[in-house]
>>> print(open('my_file_37.txt').read())   # compact mmCIF, C-alpha atoms
# COMPACT_ATOMS: atom_id res chain seq x y z
CA MET H 1 -11.00 -64.65 -77.94
CA SER H 2 -7.46 -63.56 -78.75
CA GLU H 3 -4.61 -65.85 -79.46
CA ASN H 4 -2.96 -65.39 -76.11
CA GLY H 5 -6.14 -66.32 -74.29
CA GLY H 6 -6.74 -62.84 -72.88
CA SER H 7 -10.06 -61.12 -72.31
CA PRO H 8 -11.72 -59.29 -75.16
CA MET H 9 -11.51 -56.12 -73.09
CA SER H 10 -7.79 -56.49 -72.50
CA GLY H 11 -7.02 -53.99 -75.23
CA ARG H 12 -8.62 -51.16 -73.07
CA GLU H 13 -6.15 -49.17 -70.98
CA GLU H 14 -6.88 -49.73 -67.30
CA GLU H 15 -6.46 -46.88 -64.74
CA PRO H 16 -4.07 -47.40 -61.89
CA ASN H 17 -5.47 -48.05 -58.37
CA GLY H 18 -4.29 -44.68 -56.96
CA ALA H 19 -6.04 -42.46 -59.52
CA PRO H 20 -9.49 -42.25 -57.78
CA VAL H 21 -7.86 -41.34 -54.47
CA GLU H 22 -5.85 -38.58 -56.12
CA ARG H 23 -8.99 -37.15 -57.73
CA GLU H 24 -10.80 -37.10 -54.36
CA ARG H 25 -7.88 -35.26 -52.77
CA SER H 26 -7.86 -32.72 -55.58
CA VAL H 27 -11.60 -32.12 -55.15
CA SER H 28 -11.16 -31.78 -51.38
CA ARG H 29 -8.38 -29.22 -51.86
CA ASP H 30 -10.53 -27.22 -54.24
CA ARG H 31 -13.39 -27.17 -51.74
CA SER H 32 -11.05 -26.13 -48.93
CA ARG H 33 -9.67 -23.27 -51.05
CA GLU H 34 -13.20 -22.17 -51.84
CA ARG H 35 -14.20 -22.16 -48.21
CA SER H 36 -11.05 -20.17 -47.33
CA ARG H 37 -11.88 -17.60 -50.00
CA GLU H 38 -15.44 -17.27 -48.64
CA ARG H 39 -14.16 -16.95 -45.07
CA ILE H 40 -11.68 -14.25 -46.11
CA LYS H 41 -14.46 -12.37 -47.94
CA LYS H 42 -16.70 -12.54 -44.86
CA GLU H 43 -13.88 -11.28 -42.63
CA LYS H 44 -13.23 -8.40 -45.01
CA HIS H 45 -16.93 -7.48 -45.04
CA SER H 46 -17.19 -7.70 -41.23
CA ARG H 47 -14.00 -5.66 -40.81
CA ARG H 48 -15.34 -3.08 -43.23
CA ASP H 49 -18.63 -2.98 -41.29
CA ARG H 50 -16.79 -2.52 -37.97
CA ASP H 51 -14.62 0.23 -39.40
CA GLY H 52 -17.67 1.96 -40.79
CA SER H 53 -19.46 1.64 -37.46
CA ARG H 54 -16.49 3.15 -35.63
CA GLU H 55 -16.28 5.97 -38.12
CA ARG H 56 -20.00 6.71 -37.82
CA LYS H 57 -19.73 6.65 -34.04
CA SER H 58 -16.72 8.98 -34.17
CA ARG H 59 -18.64 11.37 -36.43
CA ARG H 60 -21.61 11.31 -34.02
CA ASP H 61 -19.30 12.01 -31.05
CA ARG H 62 -17.65 14.91 -32.89
CA SER H 63 -21.06 16.26 -33.86
CA ARG H 64 -22.30 16.05 -30.27
CA SER H 65 -19.12 17.71 -29.00
CA ARG H 66 -19.52 20.57 -31.50
CA SER H 67 -23.17 20.90 -30.48
CA ARG H 68 -22.24 21.08 -26.80
CA ASP H 69 -19.57 23.67 -27.58
CA ARG H 70 -22.08 25.78 -29.52
CA LYS H 71 -24.56 25.60 -26.63
CA ARG H 72 -21.84 26.48 -24.14
CA ARG H 73 -20.73 29.47 -26.20
CA SER H 74 -24.34 30.55 -26.64
CA ARG H 75 -24.97 30.43 -22.89
CA SER H 76 -21.74 32.34 -22.28
CA ARG H 77 -22.79 35.05 -24.78
CA ASP H 78 -26.20 35.29 -23.09
CA ARG H 79 -24.56 35.75 -19.69
CA HIS H 80 -22.28 38.45 -21.05
CA ARG H 81 -25.27 40.23 -22.62
CA ARG H 82 -27.20 40.12 -19.35
CA ARG H 83 -24.19 41.45 -17.44
CA ARG H 84 -23.71 44.30 -19.92
CA SER H 85 -27.43 45.09 -19.78
CA ARG H 86 -27.45 45.19 -15.98
CA SER H 87 -24.31 47.32 -16.00
CA ARG H 88 -25.89 49.82 -18.40
CA GLU H 89 -29.02 49.94 -16.23
CA ARG H 90 -26.98 50.63 -13.11
CA ARG H 91 -25.00 53.38 -14.85
CA SER H 92 -28.15 55.04 -16.16
CA SER H 93 -29.73 54.77 -12.70
CA ARG H 94 -26.73 56.45 -11.09
CA GLN H 95 -26.73 59.21 -13.72
CA ARG H 96 -30.45 59.91 -13.13
CA SER H 97 -29.87 60.01 -9.39
CA ARG H 98 -26.98 62.46 -9.76
CA SER H 99 -28.97 64.70 -12.11
CA ARG H 100 -31.87 64.85 -9.62
CA SER H 101 -29.43 65.70 -6.82
CA ARG H 102 -27.91 68.56 -8.85
CA GLY H 103 -31.39 69.94 -9.62
CA ARG H 104 -32.33 69.98 -5.94
CA GLY H 105 -29.05 71.69 -5.06
CA LYS H 106 -29.63 74.57 -7.56
CA GLY H 107 -32.88 75.82 -6.04
CA GLY H 108 -35.34 73.05 -5.92
CA ARG H 109 -36.78 71.75 -2.70
CA SER H 110 -34.48 69.22 -1.19
CA ARG H 111 -35.85 66.02 0.28
CA SER H 112 -32.66 65.21 2.09
CA ARG H 113 -32.95 64.79 5.85
CA SER H 114 -29.33 65.72 6.45
CA ARG H 115 -28.65 68.50 8.95
CA ASP H 116 -25.78 69.86 6.82
CA SER H 117 -26.21 73.59 6.10
CA ALA H 118 -25.23 73.05 2.42
CA GLY H 119 -28.15 70.62 1.93
CA GLY H 120 -28.60 68.22 -0.97
CA TYR H 121 -26.46 65.23 -1.80
CA LYS H 122 -23.34 64.73 0.23
CA PRO H 123 -21.03 61.98 -1.10
CA ARG H 124 -19.49 59.61 1.39
CA LYS H 125 -15.78 59.65 1.97
CA ARG H 126 -13.92 56.76 0.52
CA GLN H 127 -12.45 54.44 3.08
CA GLU H 128 -8.83 53.79 2.37
CA PRO H 129 -7.79 50.17 2.95
CA ALA H 130 -5.72 49.57 6.05
CA LYS H 131 -2.05 49.30 5.34
CA PRO H 132 -0.73 45.89 6.28
CA ALA H 133 1.96 45.74 8.90
CA ALA H 134 5.49 45.32 7.63
CA ALA H 135 5.94 41.95 9.34
CA SER H 136 2.43 40.56 8.66
CA MET H 137 3.55 38.68 5.58
CA PHE H 138 5.97 36.71 7.73
CA ALA H 139 3.53 36.04 10.57
CA THR H 140 2.52 32.39 11.07
CA ASN H 141 0.23 30.62 13.47
CA ASP H 142 2.71 28.55 15.46
CA PRO H 143 0.90 26.04 17.73
CA TYR H 144 4.14 25.33 19.62
CA ALA H 145 5.02 28.95 20.34
CA HIS H 146 4.08 28.58 24.02
CA LEU H 147 6.48 25.65 24.33
CA ARG H 148 9.37 27.45 22.62
CA SER H 149 8.83 30.51 24.78
CA LYS H 150 9.64 28.42 27.85
CA VAL H 151 12.94 27.14 26.50
CA SER H 152 15.79 28.47 28.58
CA SER H 153 19.36 29.01 27.55
CA ASP H 154 20.46 27.31 30.77
CA PRO H 155 21.06 23.55 30.04
CA ALA H 156 19.88 22.52 33.51
CA GLU H 157 16.65 24.50 33.15
CA ALA H 158 16.09 23.11 29.64
CA MET H 159 16.52 19.55 30.99
CA ARG H 160 14.07 20.26 33.78
CA LEU H 161 11.46 21.51 31.31
CA TRP H 162 12.03 18.51 29.06
CA GLN H 163 11.51 16.13 31.99
CA GLU H 164 8.34 17.97 32.91
CA GLN H 165 6.93 17.54 29.39
CA MET H 166 7.88 13.85 29.41
CA LEU H 167 6.12 13.33 32.74
CA LYS H 168 2.95 14.97 31.45
CA SER H 169 2.90 12.91 28.26
CA ARG H 170 3.64 9.76 30.27
CA GLN H 171 0.75 10.58 32.56
CA LEU H 172 -1.64 10.74 29.59
CA VAL H 173 -0.33 7.44 28.19
CA LEU H 174 -0.77 5.64 31.50
CA ALA H 175 -4.28 7.01 31.93
CA GLN H 176 -5.26 5.60 28.55
CA GLN H 177 -3.60 2.27 29.32
CA ALA H 178 -5.47 2.00 32.61
CA LYS H 179 -8.76 2.41 30.75
CA SER H 180 -7.92 0.12 27.82
CA ALA H 181 -6.62 -2.63 30.12
CA VAL H 182 -10.04 -2.87 31.79
CA GLN H 183 -11.97 -2.63 28.51
CA GLN H 184 -9.80 -5.30 26.91
CA ALA H 185 -11.13 -7.93 29.31
CA ASN H 186 -14.74 -7.39 28.25
CA LYS H 187 -15.27 -8.88 24.79
CA ALA H 188 -12.28 -11.24 24.78
CA GLN H 189 -13.58 -13.04 27.89
CA ARG H 190 -17.06 -13.46 26.37
CA GLU H 191 -16.04 -14.86 22.97
CA LEU H 192 -15.25 -18.48 22.00
CA TYR H 193 -13.86 -20.14 18.88
CA ILE H 194 -16.07 -22.90 17.42
CA GLY H 195 -14.40 -25.27 14.96
CA ASN H 196 -15.09 -28.54 13.07
CA LEU H 197 -18.33 -27.26 11.54
CA THR H 198 -19.96 -28.90 8.53
CA ALA H 199 -19.30 -26.51 5.66
CA GLY H 200 -22.46 -25.14 4.09
CA ALA H 201 -24.81 -27.00 6.47
CA VAL H 202 -24.49 -25.06 9.76
CA THR H 203 -26.06 -21.59 9.96
CA GLU H 204 -25.51 -18.86 12.53
CA ALA H 205 -29.04 -19.25 13.92
CA MET H 206 -28.54 -23.01 14.28
CA LEU H 207 -25.22 -22.62 16.11
CA GLY H 208 -26.66 -19.97 18.46
CA GLN H 209 -29.65 -22.14 19.27
CA VAL H 210 -27.41 -25.10 20.14
CA PHE H 211 -25.47 -23.10 22.75
CA ASP H 212 -28.61 -21.39 24.09
CA SER H 213 -30.24 -24.79 24.72
CA ALA H 214 -27.11 -26.21 26.37
CA LEU H 215 -26.54 -23.24 28.69
CA ILE H 216 -30.18 -22.65 29.68
CA ALA H 217 -30.13 -26.11 31.31
CA ALA H 218 -27.26 -24.97 33.57
CA PHE H 219 -28.48 -21.36 33.99
CA PRO H 220 -32.31 -21.35 34.29
CA GLN H 221 -32.42 -17.55 34.63
CA ALA H 222 -31.16 -17.31 31.02
CA ALA H 223 -34.53 -18.59 29.77
CA ALA H 224 -36.13 -15.17 30.32
CA PRO H 225 -36.79 -13.18 27.11
CA GLY H 226 -33.88 -10.91 26.29
CA GLN H 227 -31.51 -12.83 28.60
CA GLU H 228 -30.37 -15.53 26.14
CA PRO H 229 -26.76 -16.64 26.73
CA VAL H 230 -25.69 -16.07 23.09
CA CYS H 231 -25.44 -12.45 21.89
CA LYS H 232 -23.83 -12.82 18.47
CA VAL H 233 -22.68 -15.59 16.11
CA ASN H 234 -20.26 -15.08 13.24
CA ILE H 235 -19.40 -17.99 10.89
CA HIS H 236 -16.45 -17.68 8.52
CA SER H 237 -17.07 -17.56 4.77
CA ASP H 238 -15.76 -21.11 4.24
CA GLY H 239 -18.26 -22.38 6.85
CA ARG H 240 -15.76 -24.56 8.75
CA TYR H 241 -15.37 -22.41 11.87
CA GLY H 242 -16.91 -19.41 13.59
CA PHE H 243 -17.03 -17.29 16.75
CA VAL H 244 -19.79 -17.07 19.37
CA GLU H 245 -20.09 -14.06 21.68
CA PHE H 246 -21.88 -14.70 24.99
CA ARG H 247 -23.68 -12.31 27.31
CA SER H 248 -21.22 -12.76 30.21
CA PRO H 249 -17.79 -14.36 30.85
CA GLU H 250 -19.49 -16.97 33.04
CA TYR H 251 -21.50 -18.25 30.06
CA ALA H 252 -18.33 -18.43 27.97
CA SER H 253 -16.45 -20.36 30.66
CA ALA H 254 -19.35 -22.83 30.97
CA ALA H 255 -19.54 -23.30 27.19
CA LEU H 256 -15.80 -23.96 27.11
CA GLN H 257 -16.36 -27.07 29.21
CA LEU H 258 -18.50 -28.52 26.38
CA ASN H 259 -15.50 -28.97 24.10
CA GLY H 260 -15.91 -32.23 22.16
CA GLN H 261 -19.26 -33.02 23.87
CA ILE H 262 -21.66 -31.38 21.40
CA ASN H 263 -22.39 -33.17 18.10
CA LEU H 264 -23.80 -31.04 15.30
CA MET H 265 -24.57 -32.55 11.90
CA GLY H 266 -22.62 -35.67 12.83
CA GLN H 267 -19.42 -33.86 13.91
CA ALA H 268 -18.15 -33.06 17.41
CA LEU H 269 -17.63 -29.31 17.88
CA SER H 270 -14.20 -28.02 18.80
CA ILE H 271 -14.52 -25.18 21.36
CA GLY H 272 -11.64 -22.99 22.53
CA ARG H 273 -10.49 -19.48 23.35
CA PRO H 274 -9.78 -17.12 20.43
CA ALA H 275 -6.30 -15.77 19.70
CA SER H 276 -7.29 -12.38 21.17
CA TYR H 277 -8.01 -13.92 24.57
CA VAL H 278 -6.09 -12.43 27.49
CA ASP H 279 -5.96 -13.97 30.93
CA PRO H 280 -8.22 -11.90 33.25
CA ASN H 281 -5.62 -11.97 36.02
CA LYS H 282 -3.01 -10.46 33.69
CA VAL H 283 -5.47 -7.82 32.50
CA HIS H 284 -6.37 -6.75 36.04
CA GLN H 285 -2.71 -6.82 37.04
CA ALA H 286 -1.79 -4.60 34.08
CA ALA H 287 -4.59 -2.21 34.97
CA ALA H 288 -3.47 -2.07 38.59
CA GLN H 289 0.14 -1.45 37.57
CA ALA H 290 -0.86 1.30 35.15
CA GLU H 291 -3.07 2.98 37.77
CA ALA H 292 -0.29 2.72 40.39
CA ALA H 293 2.22 4.24 37.98
CA LEU H 294 -0.25 6.99 37.13
CA ALA H 295 -0.77 7.78 40.82
CA ALA H 296 3.00 7.88 41.35
CA PHE H 297 3.39 10.31 38.47
CA GLN H 298 0.61 12.54 39.82
CA SER H 299 2.18 12.61 43.27
CA ALA H 300 5.71 13.30 41.99
CA PRO H 301 6.85 16.95 42.15
CA ALA H 302 6.94 18.83 38.85
CA GLY H 303 10.20 18.42 36.98
CA ALA H 304 11.43 15.54 39.13
CA ALA H 305 12.38 12.33 37.38
CA LEU H 306 10.50 9.31 38.69
CA VAL H 307 13.10 6.60 39.16
CA THR H 308 12.72 3.64 41.52
CA GLU H 309 15.52 1.43 40.18
CA ALA H 310 18.61 1.09 42.37
CA GLY H 311 21.46 2.92 40.71
CA ALA H 312 19.11 4.80 38.36
CA SER H 313 20.39 7.93 36.70
CA SER H 314 18.33 11.10 36.25
CA ILE H 315 20.27 12.00 33.11
CA PRO H 316 20.60 9.88 29.93
CA THR H 317 23.40 7.28 29.93
CA PRO H 318 24.32 4.43 27.53
CA TYR H 319 22.98 1.88 30.07
CA VAL H 320 19.24 1.06 30.23
CA VAL H 321 17.37 -1.48 32.36
CA VAL H 322 14.03 -2.69 30.93
CA ALA H 323 11.26 -4.24 33.05
CA GLY H 324 7.94 -5.68 31.88
CA MET H 325 9.14 -7.68 28.86
CA ILE H 326 10.44 -10.70 30.81
CA THR H 327 7.97 -13.17 32.34
CA PRO H 328 8.48 -16.42 34.31
CA GLU H 329 7.46 -18.38 31.21
CA VAL H 330 10.30 -16.73 29.25
CA LEU H 331 12.85 -17.74 31.87
CA GLU H 332 11.53 -21.33 31.95
CA ASP H 333 11.53 -21.95 28.19
CA GLY H 334 14.96 -21.79 26.55
CA GLU H 335 13.65 -21.16 23.01
CA GLU H 336 11.34 -18.38 24.13
CA TYR H 337 14.21 -16.90 26.16
CA GLU H 338 16.38 -16.68 23.04
CA GLU H 339 13.51 -15.22 20.99
CA VAL H 340 12.90 -12.46 23.55
CA LEU H 341 16.61 -11.64 23.56
CA LEU H 342 16.57 -11.28 19.76
CA ASP H 343 13.34 -9.24 19.82
CA LEU H 344 14.70 -6.88 22.46
CA LYS H 345 17.99 -6.41 20.60
CA GLU H 346 16.16 -5.80 17.30
CA GLU H 347 13.71 -3.33 18.87
CA CYS H 348 16.46 -1.35 20.57
CA GLY H 349 18.63 -1.53 17.46
CA ARG H 350 16.00 0.42 15.51
CA HIS H 351 16.84 3.52 17.53
CA GLY H 352 20.56 3.16 18.21
CA ALA H 353 23.59 0.88 18.02
CA VAL H 354 23.37 -1.87 20.69
CA TYR H 355 26.57 -3.18 22.27
CA GLU H 356 25.02 -6.03 24.28
CA VAL H 357 21.77 -7.31 25.81
CA LYS H 358 21.80 -9.33 29.03
CA VAL H 359 18.83 -11.02 30.75
CA PRO H 360 19.52 -12.76 34.12
CA ARG H 361 18.27 -16.36 34.19
CA PRO H 362 18.37 -18.76 37.17
CA ALA H 363 20.56 -21.86 37.04
CA ASN H 364 17.46 -24.03 37.42
CA PRO H 365 14.84 -22.72 34.95
CA GLN H 366 12.12 -24.63 36.83
CA ALA H 367 12.62 -22.31 39.80
CA ALA H 368 12.02 -19.19 37.70
CA ARG H 369 8.50 -18.67 39.07
CA HIS H 370 9.73 -18.64 42.65
CA LEU H 371 12.73 -16.40 41.94
CA PHE H 372 10.92 -14.04 39.57
CA GLY H 373 10.84 -10.50 40.95
CA THR H 374 13.74 -11.08 43.34
CA GLY H 375 17.19 -9.68 42.62
CA ASN H 376 17.64 -8.99 38.90
CA TYR H 377 15.27 -11.72 37.66
CA GLY H 378 12.62 -10.24 35.39
CA LYS H 379 14.82 -7.42 34.06
CA ALA H 380 16.77 -6.91 30.85
CA TYR H 381 19.98 -4.88 30.71
CA VAL H 382 20.89 -3.12 27.45
CA GLN H 383 24.17 -1.32 26.77
CA PHE H 384 24.27 1.07 23.81
CA VAL H 385 27.30 2.34 21.94
CA ASP H 386 26.42 5.97 22.68
CA THR H 387 24.03 7.98 24.84
CA ALA H 388 22.00 9.34 21.91
CA GLY H 389 20.91 5.83 20.84
CA ALA H 390 20.04 4.90 24.42
CA GLN H 391 17.92 8.03 24.80
CA LYS H 392 15.96 7.36 21.58
CA ALA H 393 15.36 3.72 22.50
CA ARG H 394 14.34 4.56 26.06
CA ASP H 395 11.80 7.16 24.88
CA ALA H 396 10.35 4.66 22.38
CA ILE H 397 10.10 1.67 24.74
CA HIS H 398 9.13 3.34 28.01
CA GLY H 399 5.36 3.20 28.60
CA ARG H 400 4.51 0.62 25.94
CA MET H 401 2.46 -2.54 26.55
CA PHE H 402 4.00 -5.99 26.06
CA ALA H 403 1.82 -9.12 26.49
CA GLY H 404 -0.58 -7.08 28.64
CA ASN H 405 2.17 -5.65 30.86
CA PRO H 406 3.45 -2.05 30.89
CA VAL H 407 7.12 -1.71 29.95
CA SER H 408 9.42 0.62 31.88
CA ALA H 409 12.92 1.67 30.82
CA VAL H 410 15.28 3.49 33.22
CA TYR H 411 18.79 4.83 32.75
CA LEU H 412 21.50 3.26 34.90
CA THR H 413 24.81 4.60 36.02
CA ALA H 414 27.94 2.86 34.81
CA GLN H 415 28.61 1.62 38.33
CA ALA H 416 25.14 0.08 38.75
CA TYR H 417 25.39 -1.60 35.35
CA GLY H 418 28.78 -3.06 36.27
CA VAL H 419 27.39 -4.43 39.55
CA ALA H 420 24.53 -6.16 37.70
CA MET H 421 26.91 -7.69 35.13
CA ALA H 422 29.23 -8.90 37.91
CA ALA H 423 26.31 -10.62 39.66
CA MET H 424 25.38 -12.38 36.40
CA GLU H 425 28.98 -13.56 35.85
CA GLN H 426 29.18 -14.87 39.41
CA GLU H 427 25.96 -16.83 38.98
CA ALA H 428 27.20 -18.25 35.66
CA ALA H 429 30.42 -19.39 37.36
CA GLN H 430 28.42 -21.16 40.10
CA GLN H 431 26.41 -23.01 37.43
CA GLN H 432 29.64 -24.43 35.97
>>> encode(input="my_file_37.txt", output="C-alpha cells")
Amino acid sequence: MSENGGSPMSGREEEPNGAPVERERSVSRDRSRERSRERIKKEKHSRRDRDGSRERKSRRDRSRSRSRDRKRRSRSRDRHRRRRSRSRERRSSRQRSRSRSRGRGKGGRSRSRSRDSAGGYKPRKRQEPAKPAAASMFATNDPYAHLRSKVSSDPAEAMRLWQEQMLKSRQLVLAQQAKSAVQQANKAQRELYIGNLTAGAVTEAMLGQVFDSALIAAFPQAAAPGQEPVCKVNIHSDGRYGFVEFRSPEYASAALQLNGQINLMGQALSIGRPASYVDPNKVHQAAAQAEAALAAFQSAPAGAALVTEAGASSIPTPYVVVAGMITPEVLEDGEEYEEVLLDLKEECGRHGAVYEVKVPRPANPQAARHLFGTGNYGKAYVQFVDTAGAQKARDAIHGRMFAGNPVSAVYLTAQAYGVAMAAMEQEAAQQQ
C-alpha cells in the first residue's frame, strides 16, 4: 500500500463517466450515415432503372409508330398501283373499242343496230351542265316566308294579324294545359311518402307487403292475383324514407289513414302526401278553366281580342290586371301576401320597368274566402313605366300555370286602372 493509504491501482488513469456514452453516440452516427449512403445508392439505382424503363418504352413506341407509318405508306402505294392499273386497263379497253368501230366503218360488217344511214359508232352528245340562275346563290329556305308575306303596311291590319297569331298560339297552349291538368292528378294522387324507416333493414319488398296486407283487409277484392294495392315501391339510398305508388287514389287515401299506426322493425311509420301532391279539386278546376278558355277562344271571331275584364283595352297600355296568381290563402296570410307581391313584381320586372304593384285585400283577412271573386279581390294590378315593358310582361305571363291555376293578363285603360286604385284607397281609408 502507498503512503497516503490509496489503492494500488490508483496510479492508473480512470476514464470519465461520459466517455462510454459519447462512444455509443459516435457509433450510432456512423451507422446512420452508412444507412443513408445505402438508401441514396438504392434510390439512384431505382431512378436509373425507371429512367431506363421509360427510355426503352419510348423507343418501343417510336418503333411501333414507324412500323405503322411504313405499313400505312405501303398500303397507300398499293392502292395507287391498283388505281393506275385499272386506269390503264380502261384506257386500253376504250382504245380497242374505238379501233374496232373504225374498222367496221371502213367496210367491215357493222353489228350496230342503229337506224342511222351512216352506220357504225355514233358518239353521244355531251350534256352541258345547266347554268345556275343568277339569284340561286342567294336563295334560302325561309320557314317563316308565309308569315312575312301576310304582313301589311297598314298598322291596323298588322295589329289584327298579330292578334290572330296570338290567339292561335294561345289556343294550342290551353289545349295542352287542359290535357296536362287531368294527367297531373293521376300519379300524384296514388303516391305516398313513407318515413321513419330503419336504415338498411327495410327492403322494398317488405314495405310493399306491409301495405298490401293492411289494405287487403279493408278491400277484399284486392286479394285477387294482379290486383294488389301496391304497384311500385322506391326506397331512398340512405334507407330512411321511400315512396309507395298504389293502384288507385282510393288505396292511397286509405293508406294515409294508417299514419303512425303501423310499426315496422320497432318504429312507427310516418305516412304523408309527397311534395308533388296537388289537391284533386284544384286540378279539376284548373282543367275546367282551361277547357272553358279554350272553348271561348275557338268561338271568338278571327282577329278579335278576347277580353272579359271591365275596362279592358284591345291595344297594349302600361296598365295590366293579372288574375290566377292570388288565392284566398294568400289574402288570409300576411306573410304569404307580401311574398306574392314581391314575386309578382320580380317576375314582371324581368320584362320591363315596374312602377307599382297593387293587390286588393279585405279589411278582415278572415273574410277573404267569402269575398274572394267579388269586386277586385283575387286580382293584381301592375303599372309599368312604358307600354313596351307591359307588352313583354303580358305576353310572358298570360297563359302560364301558377299553383295549378291558369294565369290571365289583360291590358286596362288608364281610366279603369284609376277607378280600381280609387276603390282600394277608399277601402284603406275605411279600415283606418
>>> closest_residue(input="my_file_37.txt", among="H:Ala188, H:Ala199, H:Ala363, H:Met325", to="Phe402 of chain H", atoms="all atoms listed in the file")
H:Met325
>>> closest_residue(input="my_file_37.txt", among="H:Arg247, H:Asn196, H:Ser237, H:Asp30", to="Gln267 of chain H", atoms="all atoms listed in the file")
H:Asn196
>>> residues_around(input="my_file_37.txt", residues="Val382 of chain H", least_positions_apart="6", cutoff="7 Å", atoms="all atoms listed in the file", output="list in words")
Tyr319, Val320, Val321, Glu356, Val357 and Lys358 of chain H
>>> residues_around(input="my_file_37.txt", residues="Ala252 of chain H", least_positions_apart="4", cutoff="12 Å", atoms="all atoms listed in the file", output="PyMOL selection string")
chain H and resi 186-194+211-212+214-215+229-231+243-248+256-259+271-274+277
>>> closest_residue(input="my_file_37.txt", among="H:Ala275, H:Val233, H:Val322, H:Ala428", to="Ala393 of chain H", atoms="only C-alpha atoms")
H:Val322
>>> atom_distance(input="my_file_37.txt", atom1="atom CA of Gln383 of chain H", atom2="atom CA of Val354 of chain H")
6.2 Å
>>> atom_distance(input="my_file_37.txt", atom1="atom CA of Val407 of chain H", atom2="atom CA of Arg369 of chain H")
19.3 Å
>>> atom_distance(input="my_file_37.txt", atom1="atom CA of Ala429 of chain H", atom2="atom CA of Pro362 of chain H")
12.1 Å
>>> residues_around(input="my_file_37.txt", residues="Met424 of chain H", least_positions_apart="6", cutoff="9 Å", atoms="all atoms listed in the file", output="number ranges by chain")
H: 358-361, 376
